[in-house]
file work14.txt (compact mmCIF, C-alpha atoms)
# COMPACT_ATOMS: atom_id res chain seq x y z
CA MET O 298 113.08 136.81 126.39
CA ASN O 299 113.27 137.60 122.72
CA ASN O 300 109.79 138.53 121.49
CA GLU O 301 110.94 139.38 118.00
CA ILE O 302 108.55 138.15 115.34
CA ALA O 303 110.11 135.82 112.77
CA LYS O 304 111.03 137.68 109.62
CA PRO O 305 109.69 136.50 106.25
CA GLU O 306 113.13 135.26 105.20
CA ASN O 307 112.98 132.76 108.07
CA LEU O 308 109.80 131.20 106.74
CA VAL O 309 110.45 127.56 105.81
CA TYR O 310 107.10 126.53 104.36
CA THR O 311 103.63 127.92 103.79
CA LYS O 312 100.57 126.37 102.19
CA THR O 313 100.01 127.47 98.63
CA PRO O 314 96.89 129.66 98.22
CA VAL O 315 95.94 127.55 95.19
CA LEU O 316 95.00 124.80 97.67
CA ASN O 317 91.99 126.16 99.55
CA ASP O 318 90.84 125.53 103.12
CA VAL O 319 87.92 123.18 102.41
CA PRO O 320 88.36 119.99 104.50
CA MET O 321 89.10 117.04 102.23
CA HIS O 322 86.75 114.07 102.16
CA TYR O 323 89.45 111.47 101.53
CA CYS O 324 90.13 108.66 103.98
CA PRO O 325 93.09 109.19 106.34
CA GLY O 326 96.23 107.96 104.62
CA CYS O 327 94.83 108.30 101.10
CA SER O 328 97.31 109.40 98.43
CA HIS O 329 94.84 111.76 96.72
CA GLY O 330 95.39 114.58 99.20
CA VAL O 331 99.16 114.52 98.69
CA VAL O 332 98.82 114.60 94.90
CA HIS O 333 96.31 117.47 95.15
CA LYS O 334 98.86 119.41 97.17
CA LEU O 335 101.57 118.79 94.58
CA ILE O 336 99.38 119.89 91.68
CA ALA O 337 98.40 123.06 93.54
CA GLU O 338 102.03 123.86 94.37
CA VAL O 339 103.15 123.34 90.77
CA ILE O 340 100.37 125.58 89.47
CA ASP O 341 101.35 128.25 91.98
CA GLU O 342 105.07 128.03 91.23
CA MET O 343 104.48 128.15 87.47
CA GLY O 344 102.16 131.14 87.86
CA ILE O 345 99.37 129.50 85.85
CA GLN O 346 96.46 129.64 88.29
CA GLU O 347 94.46 131.89 85.95
CA THR O 348 95.13 129.75 82.87
CA ALA O 349 94.99 126.19 84.24
CA ILE O 350 91.94 124.04 83.57
CA GLY O 351 91.48 120.69 85.29
CA ILE O 352 89.10 117.93 84.28
CA ALA O 353 87.54 116.27 87.33
CA PRO O 354 86.74 112.56 87.10
CA VAL O 355 84.08 110.23 88.36
CA GLY O 356 85.27 108.34 91.43
CA CYS O 357 87.01 109.22 94.68
CA ALA O 358 88.46 112.43 93.24
CA VAL O 359 85.16 113.66 91.85
CA PHE O 360 85.34 116.66 94.20
CA ALA O 361 88.82 117.78 93.12
CA TYR O 362 87.29 121.08 92.09
CA LYS O 363 86.54 121.84 95.74
CA TYR O 364 90.15 121.83 96.78
CA ILE O 365 92.28 123.36 94.01
CA GLU O 366 91.35 126.94 93.13
CA ILE O 367 91.43 126.86 89.33
CA ASP O 368 88.84 126.43 86.60
CA TRP O 369 87.41 122.92 86.47
CA GLN O 370 85.11 120.93 84.24
CA GLN O 371 83.64 117.60 85.27
CA ALA O 372 83.55 114.87 82.65
CA ALA O 373 81.30 111.85 82.33
CA HIS O 374 82.83 108.59 83.56
CA GLY O 375 86.05 107.94 81.62
CA ARG O 376 85.61 110.79 79.16
CA ALA O 377 88.10 113.26 80.67
CA PRO O 378 90.73 112.96 77.88
CA ALA O 379 88.07 113.66 75.24
CA LEU O 380 86.86 116.73 77.11
CA ALA O 381 90.43 117.88 77.71
CA THR O 382 91.09 117.51 73.98
CA ALA O 383 88.21 119.81 73.11
CA ILE O 384 89.18 122.44 75.69
CA LYS O 385 92.84 122.48 74.68
CA ARG O 386 92.06 122.74 70.97
CA LEU O 387 89.62 125.59 71.56
CA MET O 388 91.93 127.37 74.03
CA PRO O 389 95.51 126.34 73.20
CA ASP O 390 96.94 128.95 75.57
CA LYS O 391 95.50 127.10 78.60
CA THR O 392 97.26 124.44 80.68
CA VAL O 393 94.80 121.56 80.48
CA PHE O 394 95.08 118.37 82.53
CA THR O 395 92.94 115.44 83.59
CA TYR O 396 92.96 113.85 87.03
CA GLN O 397 91.71 110.25 86.90
CA GLY O 398 91.65 107.04 88.90
CA ASP O 399 92.29 103.58 87.51
CA GLY O 400 88.60 102.69 87.22
CA ASP O 401 87.89 105.92 85.37
CA LEU O 402 90.95 105.92 83.11
CA ALA O 403 91.77 102.24 82.57
CA ALA O 404 88.26 100.76 82.48
CA ILE O 405 85.39 102.78 81.02
CA GLY O 406 87.82 105.43 79.76
CA THR O 407 90.28 103.12 77.99
CA ALA O 408 89.30 104.24 74.49
CA GLU O 409 89.45 107.95 75.31
CA THR O 410 92.81 107.53 77.02
CA ILE O 411 94.41 105.50 74.24
CA HIS O 412 93.21 107.70 71.41
CA ALA O 413 94.05 111.03 73.08
CA CYS O 414 97.56 109.73 73.73
CA ASN O 415 97.85 108.34 70.23
CA ARG O 416 96.84 111.68 68.71
CA GLY O 417 99.40 113.45 70.86
CA GLU O 418 96.98 115.95 72.32
CA ASN O 419 98.84 118.69 74.20
CA ILE O 420 97.39 117.80 77.58
CA ALA O 421 98.71 116.27 80.80
CA ILE O 422 97.05 113.18 82.27
CA ILE O 423 97.46 112.52 86.00
CA PHE O 424 96.61 108.87 86.68
CA ILE O 425 96.00 107.65 90.25
CA ASN O 426 96.47 103.87 90.40
CA ASN O 427 95.52 102.14 93.65
CA GLY O 428 94.44 98.88 92.03
CA ILE O 429 90.83 99.02 93.20
CA TYR O 430 87.52 100.86 92.91
CA GLY O 431 87.77 102.90 96.09
CA MET O 432 84.55 104.93 96.09
CA THR O 433 81.99 102.29 95.17
CA GLY O 434 82.89 99.47 97.53
CA GLY O 435 86.32 98.09 96.74
CA GLN O 436 85.56 96.15 93.56
CA MET O 437 88.20 94.72 91.23
CA ALA O 438 89.68 97.25 88.81
CA PRO O 439 91.61 96.67 85.58
CA THR O 440 94.80 97.34 87.57
CA THR O 441 94.00 94.91 90.43
CA LEU O 442 96.97 92.59 90.94
CA GLU O 443 96.90 88.83 90.41
CA GLY O 444 95.80 87.20 93.66
CA MET O 445 94.66 90.51 95.13
CA LYS O 446 91.36 90.22 96.98
CA THR O 447 88.52 92.66 96.35
CA SER O 448 84.78 92.66 96.99
CA THR O 449 84.14 91.20 93.52
CA CYS O 450 87.02 88.70 93.57
CA PRO O 451 87.09 87.74 97.27
CA TYR O 452 89.43 84.80 96.65
CA GLY O 453 91.89 86.89 94.70
CA ARG O 454 92.12 87.94 91.07
CA ASN O 455 92.37 84.85 88.89
CA PRO O 456 93.71 85.55 85.36
CA GLU O 457 91.79 82.57 83.97
CA ILE O 458 88.54 84.17 85.08
CA ASN O 459 89.29 87.88 85.42
CA GLY O 460 92.11 88.39 82.94
CA TYR O 461 95.46 89.96 83.71
CA PRO O 462 96.15 93.37 85.30
CA LEU O 463 96.16 96.14 82.70
CA ASN O 464 99.44 98.04 82.58
CA ILE O 465 97.98 101.10 80.88
CA THR O 466 101.13 103.18 81.37
CA LYS O 467 103.20 100.63 79.48
CA LEU O 468 100.64 100.70 76.68
CA VAL O 469 100.64 104.46 76.22
CA THR O 470 104.44 104.49 76.24
CA GLU O 471 104.35 102.71 72.88
CA LEU O 472 102.10 105.31 71.26
CA GLU O 473 103.70 107.89 68.98
CA GLY O 474 101.72 110.79 70.45
CA THR O 475 103.07 110.51 73.99
CA ARG O 476 106.06 112.68 74.79
CA TYR O 477 106.56 112.07 78.50
CA VAL O 478 105.41 108.95 80.37
CA THR O 479 106.39 108.29 83.97
CA ARG O 480 105.29 106.33 87.02
CA GLN O 481 105.81 107.80 90.47
CA ALA O 482 104.51 107.47 94.05
CA VAL O 483 104.02 109.71 97.10
CA HIS O 484 104.73 107.39 100.04
CA THR O 485 108.02 108.99 101.14
CA VAL O 486 109.51 112.47 101.11
CA ALA O 487 111.87 111.54 98.28
CA ALA O 488 109.03 110.05 96.27
CA VAL O 489 106.89 113.16 96.78
CA ARG O 490 109.70 115.35 95.43
CA LYS O 491 110.08 113.16 92.32
CA ALA O 492 106.33 113.14 91.74
CA LYS O 493 106.19 116.93 91.95
CA LYS O 494 108.98 117.28 89.38
CA ALA O 495 107.13 114.86 87.09
CA ILE O 496 103.88 116.83 87.33
CA ARG O 497 105.67 120.08 86.56
CA LYS O 498 107.44 118.57 83.55
CA ALA O 499 104.11 117.23 82.26
CA PHE O 500 102.54 120.69 82.51
CA GLU O 501 105.54 122.33 80.84
CA TYR O 502 105.59 119.85 77.96
CA SER O 503 101.87 120.28 77.33
CA MET O 504 102.29 124.06 77.17
CA GLU O 505 105.24 123.69 74.80
CA GLY O 506 103.08 121.68 72.39
CA LYS O 507 105.20 118.55 72.63
CA GLY O 508 102.36 116.03 72.83
CA THR O 509 100.66 114.11 75.61
CA SER O 510 102.29 113.73 79.02
CA PHE O 511 101.15 110.83 81.20
CA VAL O 512 101.98 110.73 84.92
CA GLU O 513 100.92 107.64 86.84
CA ILE O 514 100.98 107.82 90.64
CA VAL O 515 100.95 104.39 92.28
CA SER O 516 98.78 105.01 95.32
CA THR O 517 97.25 103.46 98.40
CA CYS O 518 93.62 102.79 99.28
CA ASN O 519 93.75 101.76 102.91
CA SER O 520 89.96 101.58 103.25
CA GLY O 521 89.59 99.42 100.14
CA TRP O 522 92.61 97.33 101.01
CA LYS O 523 91.38 96.96 104.63
CA LEU O 524 94.74 98.09 106.00
CA SER O 525 96.01 100.96 108.13
CA PRO O 526 97.80 103.83 106.34
CA VAL O 527 101.19 102.51 107.50
CA GLN O 528 100.35 98.94 106.47
CA SER O 529 99.05 100.22 103.12
CA ASN O 530 102.35 101.90 102.30
CA LYS O 531 104.24 98.72 103.18
CA TRP O 532 101.87 96.56 101.12
CA MET O 533 102.23 98.94 98.18
CA GLU O 534 106.02 98.74 98.35
CA GLU O 535 106.01 94.95 98.57
CA ASN O 536 103.33 94.25 95.97
CA MET O 537 102.26 97.17 93.77
CA PHE O 538 105.80 98.25 92.90
CA LYS O 539 106.63 94.76 91.62
CA ALA O 540 103.83 94.94 89.08
CA TYR O 541 104.10 98.69 88.52
CA PRO O 542 107.78 99.67 88.91
CA LEU O 543 108.53 103.35 89.37
CA GLY O 544 110.52 105.50 86.97
CA ASP O 545 110.44 107.28 83.63
CA PHE O 546 109.26 105.22 80.67
CA LYS O 547 109.56 107.85 77.97
CA ASP O 548 110.96 111.37 77.70
CA ARG O 549 111.78 112.39 74.18
call {"tool": "encode", "arguments": {"input": "work14.txt", "output": "structure tokens"}}
result
Amino acid sequence: MNNEIAKPENLVYTKTPVLNDVPMHYCPGCSHGVVHKLIAEVIDEMGIQETAIGIAPVGCAVFAYKYIEIDWQQAAHGRAPALATAIKRLMPDKTVFTYQGDGDLAAIGTAETIHACNRGENIAIIFINNGIYGMTGGQMAPTTLEGMKTSTCPYGRNPEINGYPLNITKLVTELEGTRYVTRQAVHTVAAVRKAKKAIRKAFEYSMEGKGTSFVEIVSTCNSGWKLSPVQSNKWMEENMFKAYPLGDFKDR
């Protein structure tokens, strides 16, 4: 029997120390945990743990500061881009990013999002879009699809009553201040790799003073959607991706 201990060069993967050991509160199958892991890995690989500052949102990811070992500041509902603007202007050597859900960013935070992007603030915005208010009971969000059922539109979103889904990523693409705008997902290994590259590019661009980077992650909410994790991924592929197609929208 060979009792030789595996040498370090044989190590395939290890958890980044930037992601701590606090158990996450997210529902099984939720995309938030995967995106947290990617952000932590990018921060570790870029060597910016001591200079990164994240802005925690209101919503499911309100406790992001528990999981990623960097400096955090919590913003009032929707105000993360405004707070990130202030921090980055006062400390331009820091890597500043917001982490926001669709209710936080595309509803109460619409003005802050649009104007920060239009000014071209040197920040990165990570936008988690699962088309629903996950934390507060599964209500309709600005990004809820037409016909999609929620607790506040139980018969499905009707544009005549509820208006149309808000494609906030498409909107910010048209603004002069945005440098990099992309939409990704984390439902497969290939998608996770693309999302990680997008997050790293957003951080790099913000540090290079190139303007605002906006990374949307189309995500699942199996508890809000009333589906299993596997069913949620399938539903997302068949429905969310039609309304919110993946890919780069702007990289100049």
call {"tool": "closest_residue", "arguments": {"input": "work14.txt", "among": "O:Leu335, O:Val359, O:Gly330, O:Gln436", "to": "O:Gln371", "atoms": "all atoms listed in the file"}}
result
O:Val359
call {"tool": "residues_around", "arguments": {"input": "work14.txt", "residues": "O:Asn419", "least_positions_apart": "5", "cutoff": "10 Å", "atoms": "all atoms listed in the file", "output": "list in words"}}
result
Ala381, Thr382, Lys385, Arg386, Pro389, Thr392, Val393, Phe394, Ala413, Cys414, Gly474, Thr475, Arg476, Ala499, Phe500, Tyr502, Ser503, Met504, Glu505, Gly506, Lys507, Gly508, Thr509 and Ser510 of chain O
call {"tool": "residues_around", "arguments": {"input": "work14.txt", "residues": "stretch 374-377 of chain O", "least_positions_apart": "6", "cutoff": "9 Å", "atoms": "all atoms listed in the file", "output": "list in words"}}
result
Ile352, Ala353, Pro354, Val355, Gly356, Phe394, Thr395, Tyr396, Gln397, Gly400, Asp401, Leu402, Ala403, Ala404, Ile405, Gly406, Thr407, Ala408, Glu409 and Thr410 of chain O
call {"tool": "write_last_selection", "arguments": {"input": "work14.txt", "atoms": "C-alpha atoms", "output": "PDB file, keeping the file's coordinate frame"}}
result
ATOM      1  CA  ILE O 352      89.100 117.930  84.280  1.00  0.00           C
ATOM      2  CA  ALA O 353      87.540 116.270  87.330  1.00  0.00           C
ATOM      3  CA  PRO O 354      86.740 112.560  87.100  1.00  0.00           C
ATOM      4  CA  VAL O 355      84.080 110.230  88.360  1.00  0.00           C
ATOM      5  CA  GLY O 356      85.270 108.340  91.430  1.00  0.00           C
ATOM      6  CA  PHE O 394      95.080 118.370  82.530  1.00  0.00           C
ATOM      7  CA  THR O 395      92.940 115.440  83.590  1.00  0.00           C
ATOM      8  CA  TYR O 396      92.960 113.850  87.030  1.00  0.00           C
ATOM      9  CA  GLN O 397      91.710 110.250  86.900  1.00  0.00           C
ATOM     10  CA  GLY O 400      88.600 102.690  87.220  1.00  0.00           C
ATOM     11  CA  ASP O 401      87.890 105.920  85.370  1.00  0.00           C
ATOM     12  CA  LEU O 402      90.950 105.920  83.110  1.00  0.00           C
ATOM     13  CA  ALA O 403      91.770 102.240  82.570  1.00  0.00           C
ATOM     14  CA  ALA O 404      88.260 100.760  82.480  1.00  0.00           C
ATOM     15  CA  ILE O 405      85.390 102.780  81.020  1.00  0.00           C
ATOM     16  CA  GLY O 406      87.820 105.430  79.760  1.00  0.00           C
ATOM     17  CA  THR O 407      90.280 103.120  77.990  1.00  0.00           C
ATOM     18  CA  ALA O 408      89.300 104.240  74.490  1.00  0.00           C
ATOM     19  CA  GLU O 409      89.450 107.950  75.310  1.00  0.00           C
ATOM     20  CA  THR O 410      92.810 107.530  77.020  1.00  0.00           C
TER      21      THR O 410
END
call {"tool": "closest_residue", "arguments": {"input": "work14.txt", "among": "O:Cys327, O:Ala337, O:Ala358, O:Ala487", "to": "O:Trp522", "atoms": "all atoms listed in the file"}}
result
O:Cys327
call {"tool": "residues_around", "arguments": {"input": "work14.txt", "residues": "O:Ile367", "least_positions_apart": "2", "cutoff": "12 Å", "atoms": "only C-alpha atoms", "output": "ChimeraX atom specification"}}
result
/O:314-317,336-337,340-341,344-353,361-365,369-370,391-394
call {"tool": "write_last_selection", "arguments": {"input": "work14.txt", "atoms": "C-alpha atoms", "output": "PDB file, keeping the file's coordinate frame"}}
result
ATOM      1  CA  PRO O 314      96.890 129.660  98.220  1.00  0.00           C
ATOM      2  CA  VAL O 315      95.940 127.550  95.190  1.00  0.00           C
ATOM      3  CA  LEU O 316      95.000 124.800  97.670  1.00  0.00           C
ATOM      4  CA  ASN O 317      91.990 126.160  99.550  1.00  0.00           C
ATOM      5  CA  ILE O 336      99.380 119.890  91.680  1.00  0.00           C
ATOM      6  CA  ALA O 337      98.400 123.060  93.540  1.00  0.00           C
ATOM      7  CA  ILE O 340     100.370 125.580  89.470  1.00  0.00           C
ATOM      8  CA  ASP O 341     101.350 128.250  91.980  1.00  0.00           C
ATOM      9  CA  GLY O 344     102.160 131.140  87.860  1.00  0.00           C
ATOM     10  CA  ILE O 345      99.370 129.500  85.850  1.00  0.00           C
ATOM     11  CA  GLN O 346      96.460 129.640  88.290  1.00  0.00           C
ATOM     12  CA  GLU O 347      94.460 131.890  85.950  1.00  0.00           C
ATOM     13  CA  THR O 348      95.130 129.750  82.870  1.00  0.00           C
ATOM     14  CA  ALA O 349      94.990 126.190  84.240  1.00  0.00           C
ATOM     15  CA  ILE O 350      91.940 124.040  83.570  1.00  0.00           C
ATOM     16  CA  GLY O 351      91.480 120.690  85.290  1.00  0.00           C
ATOM     17  CA  ILE O 352      89.100 117.930  84.280  1.00  0.00           C
ATOM     18  CA  ALA O 353      87.540 116.270  87.330  1.00  0.00           C
ATOM     19  CA  ALA O 361      88.820 117.780  93.120  1.00  0.00           C
ATOM     20  CA  TYR O 362      87.290 121.080  92.090  1.00  0.00           C
ATOM     21  CA  LYS O 363      86.540 121.840  95.740  1.00  0.00           C
ATOM     22  CA  TYR O 364      90.150 121.830  96.780  1.00  0.00           C
ATOM     23  CA  ILE O 365      92.280 123.360  94.010  1.00  0.00           C
ATOM     24  CA  TRP O 369      87.410 122.920  86.470  1.00  0.00           C
ATOM     25  CA  GLN O 370      85.110 120.930  84.240  1.00  0.00           C
ATOM     26  CA  LYS O 391      95.500 127.100  78.600  1.00  0.00           C
ATOM     27  CA  THR O 392      97.260 124.440  80.680  1.00  0.00           C
ATOM     28  CA  VAL O 393      94.800 121.560  80.480  1.00  0.00           C
ATOM     29  CA  PHE O 394      95.080 118.370  82.530  1.00  0.00           C
TER      30      PHE O 394
END
call {"tool": "residues_around", "arguments": {"input": "work14.txt", "residues": "O:Ala492", "least_positions_apart": "3", "cutoff": "6 Å", "atoms": "all atoms listed in the file", "output": "PyMOL selection string"}}
result
chain O and resi 481+489+495
call {"tool": "residues_around", "arguments": {"input": "work14.txt", "residues": "stretch 441-452 of chain O", "least_positions_apart": "3", "cutoff": "12 Å", "atoms": "all atoms listed in the file", "output": "VMD selection string"}}
result
chain O and resid 399 to 400 403 to 404 426 to 431 433 to 438 455 to 464 515 518 520 to 523 532 to 533 536 to 541
call {"tool": "atom_distance", "arguments": {"input": "work14.txt", "atom1": "atom CA of O:Ser328", "atom2": "atom CA of O:Ile422"}}
result
16.6 Å
call {"tool": "atom_distance", "arguments": {"input": "work14.txt", "atom1": "atom CA of O:Ser529", "atom2": "atom CA of O:Gly326"}}
result
8.4 Å
call {"tool": "atom_distance", "arguments": {"input": "work14.txt", "atom1": "atom CA of O:Gly544", "atom2": "atom CA of O:Val478"}}
result
9.0 Å
call {"tool": "decode", "arguments": {"input": "work14.txt", "residues": "stretch 344-441 of chain O", "atoms": "C-alpha atoms", "output": "PDB file, in the first residue's frame"}}
result
ATOM      1  CA  GLY O 344      -4.827  39.833  -5.053  1.00  0.00           C
ATOM      2  CA  ILE O 345      -7.245  42.611  -4.077  1.00  0.00           C
ATOM      3  CA  GLN O 346      -8.717  41.262  -0.841  1.00  0.00           C
ATOM      4  CA  GLU O 347      -7.293  44.176   1.154  1.00  0.00           C
ATOM      5  CA  THR O 348      -8.501  46.818  -1.314  1.00  0.00           C
ATOM      6  CA  ALA O 349     -11.906  45.480  -2.410  1.00  0.00           C
ATOM      7  CA  ILE O 350     -15.068  47.068  -1.041  1.00  0.00           C
ATOM      8  CA  GLY O 351     -18.473  45.511  -1.677  1.00  0.00           C
ATOM      9  CA  ILE O 352     -21.843  47.182  -1.250  1.00  0.00           C
ATOM     10  CA  ALA O 353     -24.394  44.769   0.213  1.00  0.00           C
ATOM     11  CA  PRO O 354     -28.018  45.162  -0.884  1.00  0.00           C
ATOM     12  CA  VAL O 355     -31.421  44.785   0.663  1.00  0.00           C
ATOM     13  CA  GLY O 356     -32.978  41.447  -0.278  1.00  0.00           C
ATOM     14  CA  CYS O 357     -31.850  37.834  -0.349  1.00  0.00           C
ATOM     15  CA  ALA O 358     -28.179  38.798  -0.532  1.00  0.00           C
ATOM     16  CA  VAL O 359     -28.349  41.214   2.377  1.00  0.00           C
ATOM     17  CA  PHE O 360     -25.912  39.010   4.306  1.00  0.00           C
ATOM     18  CA  ALA O 361     -23.252  38.915   1.579  1.00  0.00           C
ATOM     19  CA  TYR O 362     -20.851  40.470   4.056  1.00  0.00           C
ATOM     20  CA  LYS O 363     -20.985  37.280   6.135  1.00  0.00           C
ATOM     21  CA  TYR O 364     -19.537  35.118   3.415  1.00  0.00           C
ATOM     22  CA  ILE O 365     -16.884  37.079   1.506  1.00  0.00           C
ATOM     23  CA  GLU O 366     -13.987  38.296   3.653  1.00  0.00           C
ATOM     24  CA  ILE O 367     -13.538  41.852   2.411  1.00  0.00           C
ATOM     25  CA  ASP O 368     -14.698  45.274   3.560  1.00  0.00           C
ATOM     26  CA  TRP O 369     -18.437  45.776   3.105  1.00  0.00           C
ATOM     27  CA  GLN O 370     -20.920  48.590   3.449  1.00  0.00           C
ATOM     28  CA  GLN O 371     -24.661  48.019   3.473  1.00  0.00           C
ATOM     29  CA  ALA O 372     -26.793  50.460   1.505  1.00  0.00           C
ATOM     30  CA  ALA O 373     -30.425  51.428   1.912  1.00  0.00           C
ATOM     31  CA  HIS O 374     -32.803  49.687  -0.492  1.00  0.00           C
ATOM     32  CA  GLY O 375     -31.717  50.451  -4.069  1.00  0.00           C
ATOM     33  CA  ARG O 376     -29.051  52.989  -3.138  1.00  0.00           C
ATOM     34  CA  ALA O 377     -25.966  50.810  -3.635  1.00  0.00           C
ATOM     35  CA  PRO O 378     -24.714  52.571  -6.809  1.00  0.00           C
ATOM     36  CA  ALA O 379     -24.911  55.951  -5.062  1.00  0.00           C
ATOM     37  CA  LEU O 380     -22.962  54.659  -2.080  1.00  0.00           C
ATOM     38  CA  ALA O 381     -20.452  52.948  -4.360  1.00  0.00           C
ATOM     39  CA  THR O 382     -20.001  56.246  -6.209  1.00  0.00           C
ATOM     40  CA  ALA O 383     -19.107  58.065  -3.002  1.00  0.00           C
ATOM     41  CA  ILE O 384     -16.676  55.370  -1.838  1.00  0.00           C
ATOM     42  CA  LYS O 385     -14.902  55.130  -5.184  1.00  0.00           C
ATOM     43  CA  ARG O 386     -14.539  58.895  -5.527  1.00  0.00           C
ATOM     44  CA  LEU O 387     -13.153  59.204  -2.012  1.00  0.00           C
ATOM     45  CA  MET O 388     -10.879  56.161  -2.384  1.00  0.00           C
ATOM     46  CA  PRO O 389     -10.105  55.750  -6.099  1.00  0.00           C
ATOM     47  CA  ASP O 390      -7.469  53.095  -5.391  1.00  0.00           C
ATOM     48  CA  LYS O 391     -10.138  50.669  -4.121  1.00  0.00           C
ATOM     49  CA  THR O 392     -11.999  48.062  -6.176  1.00  0.00           C
ATOM     50  CA  VAL O 393     -15.620  48.989  -5.497  1.00  0.00           C
ATOM     51  CA  PHE O 394     -18.593  46.886  -6.574  1.00  0.00           C
ATOM     52  CA  THR O 395     -22.276  46.518  -5.802  1.00  0.00           C
ATOM     53  CA  TYR O 396     -24.129  43.220  -5.515  1.00  0.00           C
ATOM     54  CA  GLN O 397     -27.859  43.666  -6.155  1.00  0.00           C
ATOM     55  CA  GLY O 398     -31.004  41.723  -6.976  1.00  0.00           C
ATOM     56  CA  ASP O 399     -33.618  42.747  -9.513  1.00  0.00           C
ATOM     57  CA  GLY O 400     -35.986  44.207  -6.921  1.00  0.00           C
ATOM     58  CA  ASP O 401     -33.191  46.264  -5.400  1.00  0.00           C
ATOM     59  CA  LEU O 402     -31.553  47.401  -8.643  1.00  0.00           C
ATOM     60  CA  ALA O 403     -34.392  47.555 -11.173  1.00  0.00           C
ATOM     61  CA  ALA O 404     -37.242  48.754  -8.946  1.00  0.00           C
ATOM     62  CA  ILE O 405     -36.514  51.115  -6.061  1.00  0.00           C
ATOM     63  CA  GLY O 406     -32.931  51.569  -7.260  1.00  0.00           C
ATOM     64  CA  THR O 407     -33.674  52.382 -10.907  1.00  0.00           C
ATOM     65  CA  ALA O 408     -32.651  56.040 -10.625  1.00  0.00           C
ATOM     66  CA  GLU O 409     -29.395  55.300  -8.802  1.00  0.00           C
ATOM     67  CA  THR O 410     -28.516  52.578 -11.300  1.00  0.00           C
ATOM     68  CA  ILE O 411     -29.254  54.633 -14.400  1.00  0.00           C
ATOM     69  CA  HIS O 412     -27.456  57.757 -13.240  1.00  0.00           C
ATOM     70  CA  ALA O 413     -24.348  55.978 -11.920  1.00  0.00           C
ATOM     71  CA  CYS O 414     -24.042  54.182 -15.253  1.00  0.00           C
ATOM     72  CA  ASN O 415     -24.698  57.368 -17.191  1.00  0.00           C
ATOM     73  CA  ARG O 416     -21.970  59.212 -15.271  1.00  0.00           C
ATOM     74  CA  GLY O 417     -19.560  56.379 -15.955  1.00  0.00           C
ATOM     75  CA  GLU O 418     -18.588  55.851 -12.344  1.00  0.00           C
ATOM     76  CA  ASN O 419     -15.575  53.533 -12.087  1.00  0.00           C
ATOM     77  CA  ILE O 420     -17.447  50.794 -10.265  1.00  0.00           C
ATOM     78  CA  ALA O 421     -18.642  47.289 -11.094  1.00  0.00           C
ATOM     79  CA  ILE O 422     -22.303  46.368 -10.681  1.00  0.00           C
ATOM     80  CA  ILE O 423     -23.207  42.697 -10.200  1.00  0.00           C
ATOM     81  CA  PHE O 424     -26.907  42.244 -10.955  1.00  0.00           C
ATOM     82  CA  ILE O 425     -28.727  39.035  -9.930  1.00  0.00           C
ATOM     83  CA  ASN O 426     -31.901  38.653 -12.003  1.00  0.00           C
ATOM     84  CA  ASN O 427     -34.273  35.852 -11.025  1.00  0.00           C
ATOM     85  CA  GLY O 428     -37.436  37.662 -12.101  1.00  0.00           C
ATOM     86  CA  ILE O 429     -39.047  37.736  -8.663  1.00  0.00           C
ATOM     87  CA  TYR O 430     -38.832  39.140  -5.141  1.00  0.00           C
ATOM     88  CA  GLY O 431     -37.318  36.105  -3.456  1.00  0.00           C
ATOM     89  CA  MET O 432     -36.931  37.202   0.163  1.00  0.00           C
ATOM     90  CA  THR O 433     -40.279  38.846   0.827  1.00  0.00           C
ATOM     91  CA  GLY O 434     -42.701  36.254  -0.509  1.00  0.00           C
ATOM     92  CA  GLY O 435     -42.321  35.850  -4.253  1.00  0.00           C
ATOM     93  CA  GLN O 436     -43.961  39.061  -5.459  1.00  0.00           C
ATOM     94  CA  MET O 437     -43.775  40.365  -9.021  1.00  0.00           C
ATOM     95  CA  ALA O 438     -40.555  42.224  -9.825  1.00  0.00           C
ATOM     96  CA  PRO O 439     -39.802  44.631 -12.686  1.00  0.00           C
ATOM     97  CA  THR O 440     -38.070  41.720 -14.451  1.00  0.00           C
ATOM     98  CA  THR O 441     -40.948  39.226 -14.024  1.00  0.00           C
TER      99      THR O 441
END
